[in-house]
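A.B. asks: Encoded as structure tokens, here's the structure I'll be asking about.
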Amino acid sequence: MKKEADIIYLKKRNIKHWIIVLIFLVIILIGVKLRVTNVTVKGNPVYYTEEEAKDLVFSDYWDSNTVLCIIKSIRGDKKTLPFISDYKISLTGPNSCDLIIYEKKPVGCINFMSSYMYFDKDGILIENSEERLDDIPIIKGVNFGYIVLGKKLPVADDELFTDIMNITQQLAEKNIGCGSITFDELKNITLSLDEGNIDVYIGQNAYLEVKISALSDMLPKLEERELTGTLDLSGYQDSNKDTAVSFKVRDSGQTYNTEIE
């Protein structure tokens, strides 16, 4: 009787064992098959569309696995992505999540070998990319020292560094898309706008904020008239609405005054 009881006990134990194994396998199977298919992008990304942001974060089959998303979130495992300082994945269901994007905010760039080094409002180099972003000005006419990502823009002349920061920040604040900012040997500033159709001669850094504000007012009128040439703001000193500045039309050489209304 004891032997028979031992056999029954072993059978029951084996059955429990296989039930546990089966449950474990089912959990694994569900975990492998469970995927994030509905992604809501938040954070209003500027340099990527919502679809591009999704494709960057969930770039392969396993990135969208729900279980792995949970594990990666707990461990803090994240990809290094261009122009993205951070992102968070917040699961809202077994197959859905919120993807919150925190973008870097470049205000200018410099050409470095075959790529572009982008810097932020504090002059810190934040990104190295072969991609040239639209409306982010490239700095020309300036000699830079040893370039290191994550460090300050290497400009030996402190005054010139301040000029670069001021002009790029002013353009960013006024949402003026600029192709390039060129400094000559006397630190006079020239902007290239509208894909090179309009050059703006700023001159010295005096009254810079007022000049950029005036440019912001004038640009829509210049673009509406489809003018190409050079706008001279070097002598502009105040925000008097009756002040006129010269615009030299390209090719024809014709120069006329344009009032800032």
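Identifiers for the structure tokens are assigned positionally: chains receive A, B, ... in sequence, residues are indexed from 1 per chain, and ligands are indexed from 1 in the order shown.
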Hey, what's within 12 Å of Phe183 of chain A if we count only C-alpha atoms and toss same-chain stuff fewer than 5 positions away? As a PyMOL selection string, please?
C.D. replies: chain A and resi 138-143+160-161+163-164+167+188-192+201-205
A.B. asks: Keeping only N, CA, C and O atoms, write the selected residues to a file as a PDB file, in the first residue's frame.
C.D. replies:
```
ATOM      1  N   ILE A 138      24.334  78.024 -40.660  1.00  0.00           N
ATOM      2  CA  ILE A 138      25.714  77.582 -40.536  1.00  0.00           C
ATOM      3  C   ILE A 138      26.601  78.822 -40.378  1.00  0.00           C
ATOM      4  O   ILE A 138      26.377  79.836 -41.052  1.00  0.00           O
ATOM      5  N   ILE A 139      27.556  78.776 -39.466  1.00  0.00           N
ATOM      6  CA  ILE A 139      28.430  79.907 -39.188  1.00  0.00           C
ATOM      7  C   ILE A 139      29.630  79.869 -40.135  1.00  0.00           C
ATOM      8  O   ILE A 139      30.314  78.848 -40.240  1.00  0.00           O
ATOM      9  N   LYS A 140      29.864  80.987 -40.813  1.00  0.00           N
ATOM     10  CA  LYS A 140      30.975  81.075 -41.770  1.00  0.00           C
ATOM     11  C   LYS A 140      31.882  82.253 -41.413  1.00  0.00           C
ATOM     12  O   LYS A 140      31.470  83.201 -40.758  1.00  0.00           O
ATOM     13  N   GLY A 141      33.127  82.151 -41.853  1.00  0.00           N
ATOM     14  CA  GLY A 141      34.088  83.225 -41.636  1.00  0.00           C
ATOM     15  C   GLY A 141      34.735  83.228 -40.268  1.00  0.00           C
ATOM     16  O   GLY A 141      35.409  84.191 -39.902  1.00  0.00           O
ATOM     17  N   VAL A 142      34.545  82.156 -39.516  1.00  0.00           N
ATOM     18  CA  VAL A 142      35.096  82.066 -38.154  1.00  0.00           C
ATOM     19  C   VAL A 142      36.012  80.842 -38.066  1.00  0.00           C
ATOM     20  O   VAL A 142      35.648  79.756 -38.531  1.00  0.00           O
ATOM     21  N   ASN A 143      37.178  81.036 -37.481  1.00  0.00           N
ATOM     22  CA  ASN A 143      38.092  79.917 -37.259  1.00  0.00           C
ATOM     23  C   ASN A 143      37.807  79.311 -35.888  1.00  0.00           C
ATOM     24  O   ASN A 143      37.813  80.016 -34.873  1.00  0.00           O
ATOM     25  N   LEU A 160      33.434  87.651 -30.212  1.00  0.00           N
ATOM     26  CA  LEU A 160      32.876  86.982 -31.385  1.00  0.00           C
ATOM     27  C   LEU A 160      31.943  85.850 -30.966  1.00  0.00           C
ATOM     28  O   LEU A 160      30.879  85.653 -31.569  1.00  0.00           O
ATOM     29  N   PHE A 161      32.328  85.124 -29.915  1.00  0.00           N
ATOM     30  CA  PHE A 161      31.459  84.064 -29.387  1.00  0.00           C
ATOM     31  C   PHE A 161      30.122  84.656 -28.944  1.00  0.00           C
ATOM     32  O   PHE A 161      29.061  84.109 -29.241  1.00  0.00           O
ATOM     33  N   ASP A 163      28.735  87.396 -30.030  1.00  0.00           N
ATOM     34  CA  ASP A 163      27.999  87.803 -31.233  1.00  0.00           C
ATOM     35  C   ASP A 163      27.276  86.614 -31.862  1.00  0.00           C
ATOM     36  O   ASP A 163      26.122  86.728 -32.282  1.00  0.00           O
ATOM     37  N   ILE A 164      27.959  85.478 -31.934  1.00  0.00           N
ATOM     38  CA  ILE A 164      27.356  84.263 -32.514  1.00  0.00           C
ATOM     39  C   ILE A 164      26.147  83.840 -31.700  1.00  0.00           C
ATOM     40  O   ILE A 164      25.089  83.511 -32.243  1.00  0.00           O
ATOM     41  N   ILE A 167      23.150  86.544 -32.176  1.00  0.00           N
ATOM     42  CA  ILE A 167      22.467  86.541 -33.468  1.00  0.00           C
ATOM     43  C   ILE A 167      21.673  85.253 -33.669  1.00  0.00           C
ATOM     44  O   ILE A 167      20.539  85.282 -34.159  1.00  0.00           O
ATOM     45  N   ASN A 188      31.749  92.202 -39.133  1.00  0.00           N
ATOM     46  CA  ASN A 188      30.466  92.580 -39.718  1.00  0.00           C
ATOM     47  C   ASN A 188      29.687  91.314 -40.053  1.00  0.00           C
ATOM     48  O   ASN A 188      30.265  90.312 -40.498  1.00  0.00           O
ATOM     49  N   ILE A 189      28.384  91.375 -39.872  1.00  0.00           N
ATOM     50  CA  ILE A 189      27.536  90.192 -39.999  1.00  0.00           C
ATOM     51  C   ILE A 189      26.656  90.297 -41.245  1.00  0.00           C
ATOM     52  O   ILE A 189      26.038  91.337 -41.493  1.00  0.00           O
ATOM     53  N   THR A 190      26.611  89.197 -42.020  1.00  0.00           N
ATOM     54  CA  THR A 190      25.708  89.096 -43.167  1.00  0.00           C
ATOM     55  C   THR A 190      24.921  87.804 -43.064  1.00  0.00           C
ATOM     56  O   THR A 190      25.488  86.733 -42.828  1.00  0.00           O
ATOM     57  N   LEU A 191      23.604  87.903 -43.224  1.00  0.00           N
ATOM     58  CA  LEU A 191      22.724  86.735 -43.175  1.00  0.00           C
ATOM     59  C   LEU A 191      22.309  86.346 -44.587  1.00  0.00           C
ATOM     60  O   LEU A 191      22.118  87.214 -45.443  1.00  0.00           O
ATOM     61  N   SER A 192      22.153  85.057 -44.801  1.00  0.00           N
ATOM     62  CA  SER A 192      21.611  84.558 -46.068  1.00  0.00           C
ATOM     63  C   SER A 192      20.269  83.903 -45.781  1.00  0.00           C
ATOM     64  O   SER A 192      20.190  82.942 -45.018  1.00  0.00           O
ATOM     65  N   TYR A 201      22.548  92.539 -44.726  1.00  0.00           N
ATOM     66  CA  TYR A 201      23.791  93.065 -44.157  1.00  0.00           C
ATOM     67  C   TYR A 201      23.470  93.740 -42.829  1.00  0.00           C
ATOM     68  O   TYR A 201      22.876  94.810 -42.778  1.00  0.00           O
ATOM     69  N   ILE A 202      23.853  93.048 -41.746  1.00  0.00           N
ATOM     70  CA  ILE A 202      23.590  93.548 -40.391  1.00  0.00           C
ATOM     71  C   ILE A 202      24.664  94.539 -39.969  1.00  0.00           C
ATOM     72  O   ILE A 202      24.404  95.496 -39.237  1.00  0.00           O
ATOM     73  N   GLY A 203      25.903  94.320 -40.433  1.00  0.00           N
ATOM     74  CA  GLY A 203      27.021  95.164 -40.015  1.00  0.00           C
ATOM     75  C   GLY A 203      27.500  94.764 -38.629  1.00  0.00           C
ATOM     76  O   GLY A 203      27.518  93.584 -38.274  1.00  0.00           O
ATOM     77  N   GLN A 204      27.857  95.748 -37.814  1.00  0.00           N
ATOM     78  CA  GLN A 204      28.342  95.484 -36.468  1.00  0.00           C
ATOM     79  C   GLN A 204      27.199  95.034 -35.558  1.00  0.00           C
ATOM     80  O   GLN A 204      26.025  95.114 -35.910  1.00  0.00           O
ATOM     81  N   ASN A 205      27.568  94.583 -34.361  1.00  0.00           N
ATOM     82  CA  ASN A 205      26.570  93.994 -33.455  1.00  0.00           C
ATOM     83  C   ASN A 205      25.722  95.037 -32.712  1.00  0.00           C
ATOM     84  O   ASN A 205      24.823  94.673 -31.953  1.00  0.00           O
TER      85      ASN A 205
END
```
A.B. asks: If you run DSSP on the backbone, which residues of segment 88-187 of chain A are strand (DSSP E), as an MDAnalysis selection string?
C.D. replies: chainID A and resid 88:93 96:103 108:112 115:119 125:129 138:140 178:183
A.B. asks: Any idea what's packed within 7 Å of Ser64 of chain A, counting only C-alpha atoms, ignoring anything in its chain fewer than 5 positions away? Could you give it as a ChimeraX atom specification?
C.D. replies: /A:35-36,58,69
A.B. asks: Just the selected residues (N, CA and C atoms), exported as a short mmCIF file (atom, residue, chain, number, x, y, z; two decimals), in the first residue's frame, please.
C.D. replies:
```cif
data_model
loop_
_atom_site.label_atom_id
_atom_site.label_comp_id
_atom_site.auth_asym_id
_atom_site.auth_seq_id
_atom_site.Cartn_x
_atom_site.Cartn_y
_atom_site.Cartn_z
N ARG A 35 2.64 42.68 -28.51
CA ARG A 35 3.38 43.75 -29.16
C ARG A 35 2.65 45.09 -29.04
N VAL A 36 3.45 46.15 -29.04
CA VAL A 36 2.91 47.51 -29.07
C VAL A 36 2.63 47.86 -30.53
N PHE A 58 11.13 52.43 -32.37
CA PHE A 58 10.72 51.03 -32.59
C PHE A 58 11.24 50.57 -33.95
N CYS A 69 9.63 46.20 -23.55
CA CYS A 69 9.44 47.64 -23.29
C CYS A 69 9.41 47.91 -21.80
#
```
A.B. asks: Where in segment 105-231 of chain A does DSSP assign helix (DSSP H, G or I), given as JSON, numbers by chain?
C.D. replies: {"A": [158, 159, 160, 161, 162, 163, 164, 165, 166, 167, 168, 169, 170, 171, 172, 173, 194, 195, 196, 208, 209, 210, 211, 212, 213, 214, 215, 216, 217, 218, 219, 220, 221, 222, 223, 224]}
A.B. asks: Give me the residues within 9 Å of segment 210-220 of chain A as a ChimeraX atom specification, counting only C-alpha atoms and dropping any in the same chain fewer than 2 places off.
C.D. replies: /A:167,170-171,174-176,200,202,206-208,222-225,231,233-234,236-239,258-261
A.B. asks: Rank nothing, just name the residue among A:Val148, A:Ala53, A:Leu193, A:Leu186 nearest to Val41 of chain A, using only C-alpha atoms.
C.D. replies: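 Among the listed residues, A:Ala53 lies closest to Val41 of chain A.
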A.B. asks: Pick from A:Lys79, A:Gln169, A:Phe247, A:Ala156: nearest to Asp199 of chain A, with only C-alpha atoms counted?
C.D. replies: A:Phe247
A.B. asks: What is the distance, in Å and to one decimal place, between atom CA of Lys104 of chain A and atom CA of Ile84 of chain A?
C.D. replies: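 Value for the atom CA of Lys104 of chain A-atom CA of Ile84 of chain A distance: 5.4 Å.
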A.B. asks: Taking only C-alpha atoms into account, name the residue in A:Gly150, A:Pro45, A:Pro137, A:Gly145 that is nearest to Ile124 of chain A.
C.D. replies: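 Nearest to Ile124 of chain A: A:Gly150.
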